[in-house]
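> work_12.pdb is the file, holding PDB, C-alpha atoms:
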ATOM      1  CA  MET A   1      66.225 114.440 130.426
ATOM      2  CA  PRO A   2      64.719 117.518 128.765
ATOM      3  CA  ARG A   3      66.538 118.824 125.728
ATOM      4  CA  TYR A   4      67.157 122.302 127.150
ATOM      5  CA  LEU A   5      68.843 120.765 130.225
ATOM      6  CA  LEU A   6      71.134 118.609 128.077
ATOM      7  CA  VAL A   7      72.013 121.628 125.915
ATOM      8  CA  ALA A   8      72.738 123.698 129.038
ATOM      9  CA  ILE A   9      75.013 120.980 130.477
ATOM     10  CA  LEU A  10      76.919 120.738 127.197
ATOM     11  CA  LEU A  11      77.349 124.515 127.075
ATOM     12  CA  ILE A  12      78.690 124.506 130.648
ATOM     13  CA  ILE A  13      81.146 121.747 129.681
ATOM     14  CA  THR A  14      82.138 123.828 126.646
ATOM     15  CA  LEU A  15      82.833 126.830 128.864
ATOM     16  CA  PHE A  16      84.983 124.757 131.249
ATOM     17  CA  MET A  17      86.942 123.221 128.367
ATOM     18  CA  ALA A  18      87.535 126.674 126.864
ATOM     19  CA  ILE A  19      88.743 128.056 130.215
ATOM     20  CA  LEU A  20      91.055 125.083 130.765
ATOM     21  CA  SER A  21      92.358 125.421 127.208
ATOM     22  CA  TRP A  22      93.110 129.096 127.729
ATOM     23  CA  TYR A  23      94.812 128.364 131.059
ATOM     24  CA  SER A  24      96.963 125.641 129.471
ATOM     25  CA  LEU A  25      98.022 127.920 126.646
ATOM     26  CA  VAL A  26      98.847 130.770 129.037
ATOM     27  CA  ARG A  27     101.062 128.420 131.081
ATOM     28  CA  ARG A  28     102.684 126.724 128.063
ATOM     29  CA  GLN A  29     106.222 127.762 129.062
ATOM     30  CA  LYS A  30     105.962 125.791 132.319
ATOM     31  CA  ALA A  31     105.290 122.370 130.740
ATOM     32  CA  ALA A  32     106.169 120.887 127.359
ATOM     33  CA  CYS A  33     102.761 119.276 126.971
ATOM     34  CA  ALA A  34     100.733 122.404 127.834
ATOM     35  CA  LYS A  35     100.396 123.599 124.228
ATOM     36  CA  SER A  36      99.091 120.271 122.948
ATOM     37  CA  LEU A  37      96.794 119.951 125.991
ATOM     38  CA  GLY A  38      95.443 123.442 125.319
ATOM     39  CA  GLY A  39      94.797 122.526 121.693
ATOM     40  CA  LEU A  40      93.102 119.262 122.694
ATOM     41  CA  LEU A  41      90.837 121.042 125.180
ATOM     42  CA  ALA A  42      90.011 123.698 122.568
ATOM     43  CA  ALA A  43      89.040 120.987 120.056
ATOM     44  CA  ILE A  44      86.818 119.341 122.677
ATOM     45  CA  ALA A  45      85.240 122.725 123.456
ATOM     46  CA  ILE A  46      84.496 123.314 119.762
ATOM     47  CA  TYR A  47      82.973 119.866 119.425
ATOM     48  CA  SER A  48      80.815 120.046 122.564
ATOM     49  CA  GLY A  49      79.660 123.610 121.878
ATOM     50  CA  PHE A  50      78.493 122.906 118.358
ATOM     51  CA  TYR A  51      76.980 119.586 119.466
ATOM     52  CA  ALA A  52      74.904 121.510 122.001
ATOM     53  CA  LEU A  53      73.670 123.746 119.189
ATOM     54  CA  GLU A  54      72.927 120.689 117.036
ATOM     55  CA  LEU A  55      70.852 119.149 119.842
ATOM     56  CA  GLY A  56      69.031 122.460 120.278
ATOM     57  CA  SER A  57      67.976 122.433 116.614
ATOM     58  CA  SER A  58      64.868 120.832 115.174
ATOM     59  CA  SER A  59      65.344 121.144 111.415
ATOM     60  CA  LEU A  60      67.593 118.877 109.351
ATOM     61  CA  GLU A  61      69.346 121.847 107.726
ATOM     62  CA  ALA A  62      70.253 123.389 111.088
ATOM     63  CA  MET A  63      71.405 120.049 112.513
ATOM     64  CA  LEU A  64      73.648 119.419 109.510
ATOM     65  CA  PHE A  65      75.071 122.958 109.707
ATOM     66  CA  TRP A  66      76.062 122.582 113.377
ATOM     67  CA  ASN A  67      77.263 119.030 112.735
ATOM     68  CA  ARG A  68      79.678 120.252 110.050
ATOM     69  CA  LEU A  69      81.082 122.817 112.477
ATOM     70  CA  GLU A  70      81.494 120.108 115.138
ATOM     71  CA  TYR A  71      83.985 118.449 112.824
ATOM     72  CA  ILE A  72      86.379 121.385 113.211
ATOM     73  CA  GLY A  73      86.955 119.960 116.686
ATOM     74  CA  ILE A  74      86.291 116.266 116.014
ATOM     75  CA  SER A  75      88.821 116.142 113.171
ATOM     76  CA  PHE A  76      91.721 117.231 115.336
ATOM     77  CA  ILE A  77      90.974 115.451 118.627
ATOM     78  CA  PRO A  78      92.896 112.242 117.672
ATOM     79  CA  LEU A  79      95.889 114.243 116.410
ATOM     80  CA  LEU A  80      96.008 116.473 119.480
ATOM     81  CA  TRP A  81      95.537 113.498 121.806
ATOM     82  CA  ILE A  82      98.562 111.783 120.258
ATOM     83  CA  LEU A  83     100.628 114.976 120.493
ATOM     84  CA  PHE A  84      99.638 115.541 124.118
ATOM     85  CA  ALA A  85     100.470 111.952 125.097
ATOM     86  CA  ALA A  86     103.754 112.101 123.167
ATOM     87  CA  HIS A  87     104.777 115.366 124.793
ATOM     88  CA  TYR A  88     103.795 114.063 128.221
ATOM     89  CA  ALA A  89     105.859 110.883 127.695
ATOM     90  CA  ASP A  90     108.706 112.872 126.099
ATOM     91  CA  MET A  91     108.466 110.928 122.827
ATOM     92  CA  ARG A  92     110.053 113.532 120.567
ATOM     93  CA  TRP A  93     109.987 111.413 117.406
ATOM     94  CA  ILE A  94     106.231 112.054 117.119
ATOM     95  CA  SER A  95     106.977 115.735 116.516
ATOM     96  CA  THR A  96     109.046 115.044 113.398
ATOM     97  CA  ARG A  97     107.720 116.477 110.140
ATOM     98  CA  PRO A  98     106.856 113.150 108.463
ATOM     99  CA  VAL A  99     104.869 111.867 111.453
ATOM    100  CA  LEU A 100     103.086 115.193 111.946
ATOM    101  CA  ALA A 101     102.269 115.360 108.225
ATOM    102  CA  LEU A 102     100.764 111.882 108.328
ATOM    103  CA  LEU A 103      98.667 112.747 111.376
ATOM    104  CA  PHE A 104      97.516 116.044 109.871
ATOM    105  CA  ILE A 105      96.489 114.279 106.658
ATOM    106  CA  GLY A 106      94.123 112.026 108.644
ATOM    107  CA  SER A 107      92.570 115.065 110.324
ATOM    108  CA  LEU A 108      92.304 117.026 107.089
ATOM    109  CA  ILE A 109      90.605 114.132 105.264
ATOM    110  CA  THR A 110      87.988 114.002 108.027
ATOM    111  CA  LEU A 111      87.503 117.769 107.844
ATOM    112  CA  PHE A 112      87.248 117.623 104.039
ATOM    113  CA  GLY A 113      84.551 114.969 104.368
ATOM    114  CA  ALA A 114      82.539 117.174 106.699
ATOM    115  CA  PHE A 115      82.660 120.329 104.597
ATOM    116  CA  SER A 116      82.236 118.624 101.223
ATOM    117  CA  ASP A 117      79.328 116.519 102.456
ATOM    118  CA  PRO A 118      76.553 118.780 101.108
ATOM    119  CA  PHE A 119      77.919 118.134  97.610
ATOM    120  CA  LEU A 120      79.717 114.768  97.661
ATOM    121  CA  HIS A 121      77.965 112.827 100.488
ATOM    122  CA  LEU A 122      81.161 110.979 101.370
ATOM    123  CA  ARG A 123      80.734 111.284 105.141
ATOM    124  CA  TYR A 124      76.969 110.772 105.403
ATOM    125  CA  SER A 125      75.346 109.051 102.435
ATOM    126  CA  THR A 126      71.938 110.170 103.702
ATOM    127  CA  ALA A 127      70.882 112.312 106.639
ATOM    128  CA  PHE A 128      67.501 112.558 108.340
ATOM    129  CA  VAL A 129      65.842 113.653 111.578
ATOM    130  CA  VAL A 130      64.971 110.896 114.051
ATOM    131  CA  ASN A 131      61.849 111.820 116.018
ATOM    132  CA  ASN A 132      61.220 108.663 118.052
ATOM    133  CA  GLY A 133      63.024 109.837 121.217
ATOM    134  CA  PRO A 134      62.370 112.603 123.713
ATOM    135  CA  PHE A 135      63.615 115.180 121.179
ATOM    136  CA  PRO A 136      64.686 115.173 117.525
ATOM    137  CA  VAL A 137      68.249 114.100 116.747
ATOM    138  CA  LEU A 138      70.311 113.742 113.594
ATOM    139  CA  GLY A 139      70.302 110.308 111.997
ATOM    140  CA  PHE A 140      72.464 109.278 109.058
ATOM    141  CA  THR A 141      73.738 106.492 106.855
ATOM    142  CA  ARG A 142      77.515 106.278 107.001
ATOM    143  CA  GLY A 143      79.579 107.000 103.908
ATOM    144  CA  PRO A 144      83.219 106.028 103.132
ATOM    145  CA  LEU A 145      84.847 109.097 104.744
ATOM    146  CA  TYR A 146      82.888 108.495 107.934
ATOM    147  CA  TRP A 147      84.845 105.254 108.288
ATOM    148  CA  ASN A 148      88.108 107.138 107.654
ATOM    149  CA  ASN A 149      87.413 109.134 110.814
ATOM    150  CA  VAL A 150      86.540 105.988 112.791
ATOM    151  CA  VAL A 151      89.725 104.194 111.725
ATOM    152  CA  PHE A 152      91.879 107.300 112.305
ATOM    153  CA  THR A 153      90.411 107.758 115.776
ATOM    154  CA  LEU A 154      90.884 104.098 116.709
ATOM    155  CA  ILE A 155      94.458 103.961 115.436
ATOM    156  CA  ALA A 156      95.318 107.224 117.185
TER
END
Using structure tokens, write down the structure from this file.

Amino acid sequence: MPRYLLVAILLIITLFMAILSWYSLVRRQKAACAKSLGGLLAAIAIYSGFYALELGSSSLEAMLFWNRLEYIGISFIPLLWILFAAHYADMRWISTRPVLALLFIGSLITLFGAFSDPFLHLRYSTAFVVNNGPFPVLGFTRGPLYWNNVVFTLIA
């Protein structure tokens, strides 16, 4: 598949996710889970939109820039998924302050790893461009905070 076609598909998905997010947030009074669904769809839209821009880039610096911005969405997808499922199942204990604080800490650690990576290299120990496919993509060696995100996502 040509790169421009993949980028276009991802941008179309981003647009649909953004529209569905907006619609969910507009209708939030009609369903208890609409606000968390809208947030989840917004996080997915942020992730897919910036991933499209990462795939459209050829330089390592540009790929890393868009990749960091992807983590604004990636960091909160597990948290918002849990909140959406909990609201849908009417599990109100998930919305207590201690549980929410714990979930937010996992998301914030992942986000910290993404934005401190140019200096600390805790998420990606090394990053490089892989050119052996149909188009260049970001390659990396995983650091300790990368695994934090994996564990947080799997537990969520």
> Determine the residue set returned by the PyMOL selection byres ((chain A and resi 147) around 12) for the present structure, and present it as an mmCIF file with C-alpha atoms, in the frame of the given file.

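Full text of part-v4.cif as output:
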data_model
loop_
_atom_site.group_PDB
_atom_site.id
_atom_site.type_symbol
_atom_site.label_atom_id
_atom_site.label_comp_id
_atom_site.auth_asym_id
_atom_site.auth_seq_id
_atom_site.Cartn_x
_atom_site.Cartn_y
_atom_site.Cartn_z
ATOM 1 C CA GLY A 106 94.123 112.026 108.644
ATOM 2 C CA ILE A 109 90.605 114.132 105.264
ATOM 3 C CA THR A 110 87.988 114.002 108.027
ATOM 4 C CA GLY A 113 84.551 114.969 104.368
ATOM 5 C CA LEU A 122 81.161 110.979 101.370
ATOM 6 C CA ARG A 123 80.734 111.284 105.141
ATOM 7 C CA TYR A 124 76.969 110.772 105.403
ATOM 8 C CA SER A 125 75.346 109.051 102.435
ATOM 9 C CA THR A 141 73.738 106.492 106.855
ATOM 10 C CA ARG A 142 77.515 106.278 107.001
ATOM 11 C CA GLY A 143 79.579 107.000 103.908
ATOM 12 C CA PRO A 144 83.219 106.028 103.132
ATOM 13 C CA LEU A 145 84.847 109.097 104.744
ATOM 14 C CA TYR A 146 82.888 108.495 107.934
ATOM 15 C CA ASN A 148 88.108 107.138 107.654
ATOM 16 C CA ASN A 149 87.413 109.134 110.814
ATOM 17 C CA VAL A 150 86.540 105.988 112.791
ATOM 18 C CA VAL A 151 89.725 104.194 111.725
ATOM 19 C CA PHE A 152 91.879 107.300 112.305
ATOM 20 C CA THR A 153 90.411 107.758 115.776
ATOM 21 C CA LEU A 154 90.884 104.098 116.709
#
> Carefully work through the PyMOL selection byres ((chain A and resi 18-31) around 12) for this structure and note down the residues it includes, as a PyMOL selection string.
chain A and resi 11-17+32-49+84+87-90
> Carefully work through the PyMOL selection byres ((chain A and resi 57-66) around 9) for this structure and note down the residues it includes, as a PyMOL selection string.
chain A and resi 50-56+67-71+118+127-129+135-138
> How far is it from CA of Ile72 in chain A to CA of Leu111 in chain A, in Å with one decimal?
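Going from CA of Ile72 in chain A over to CA of Leu111 in chain A covers 6.6 Å.
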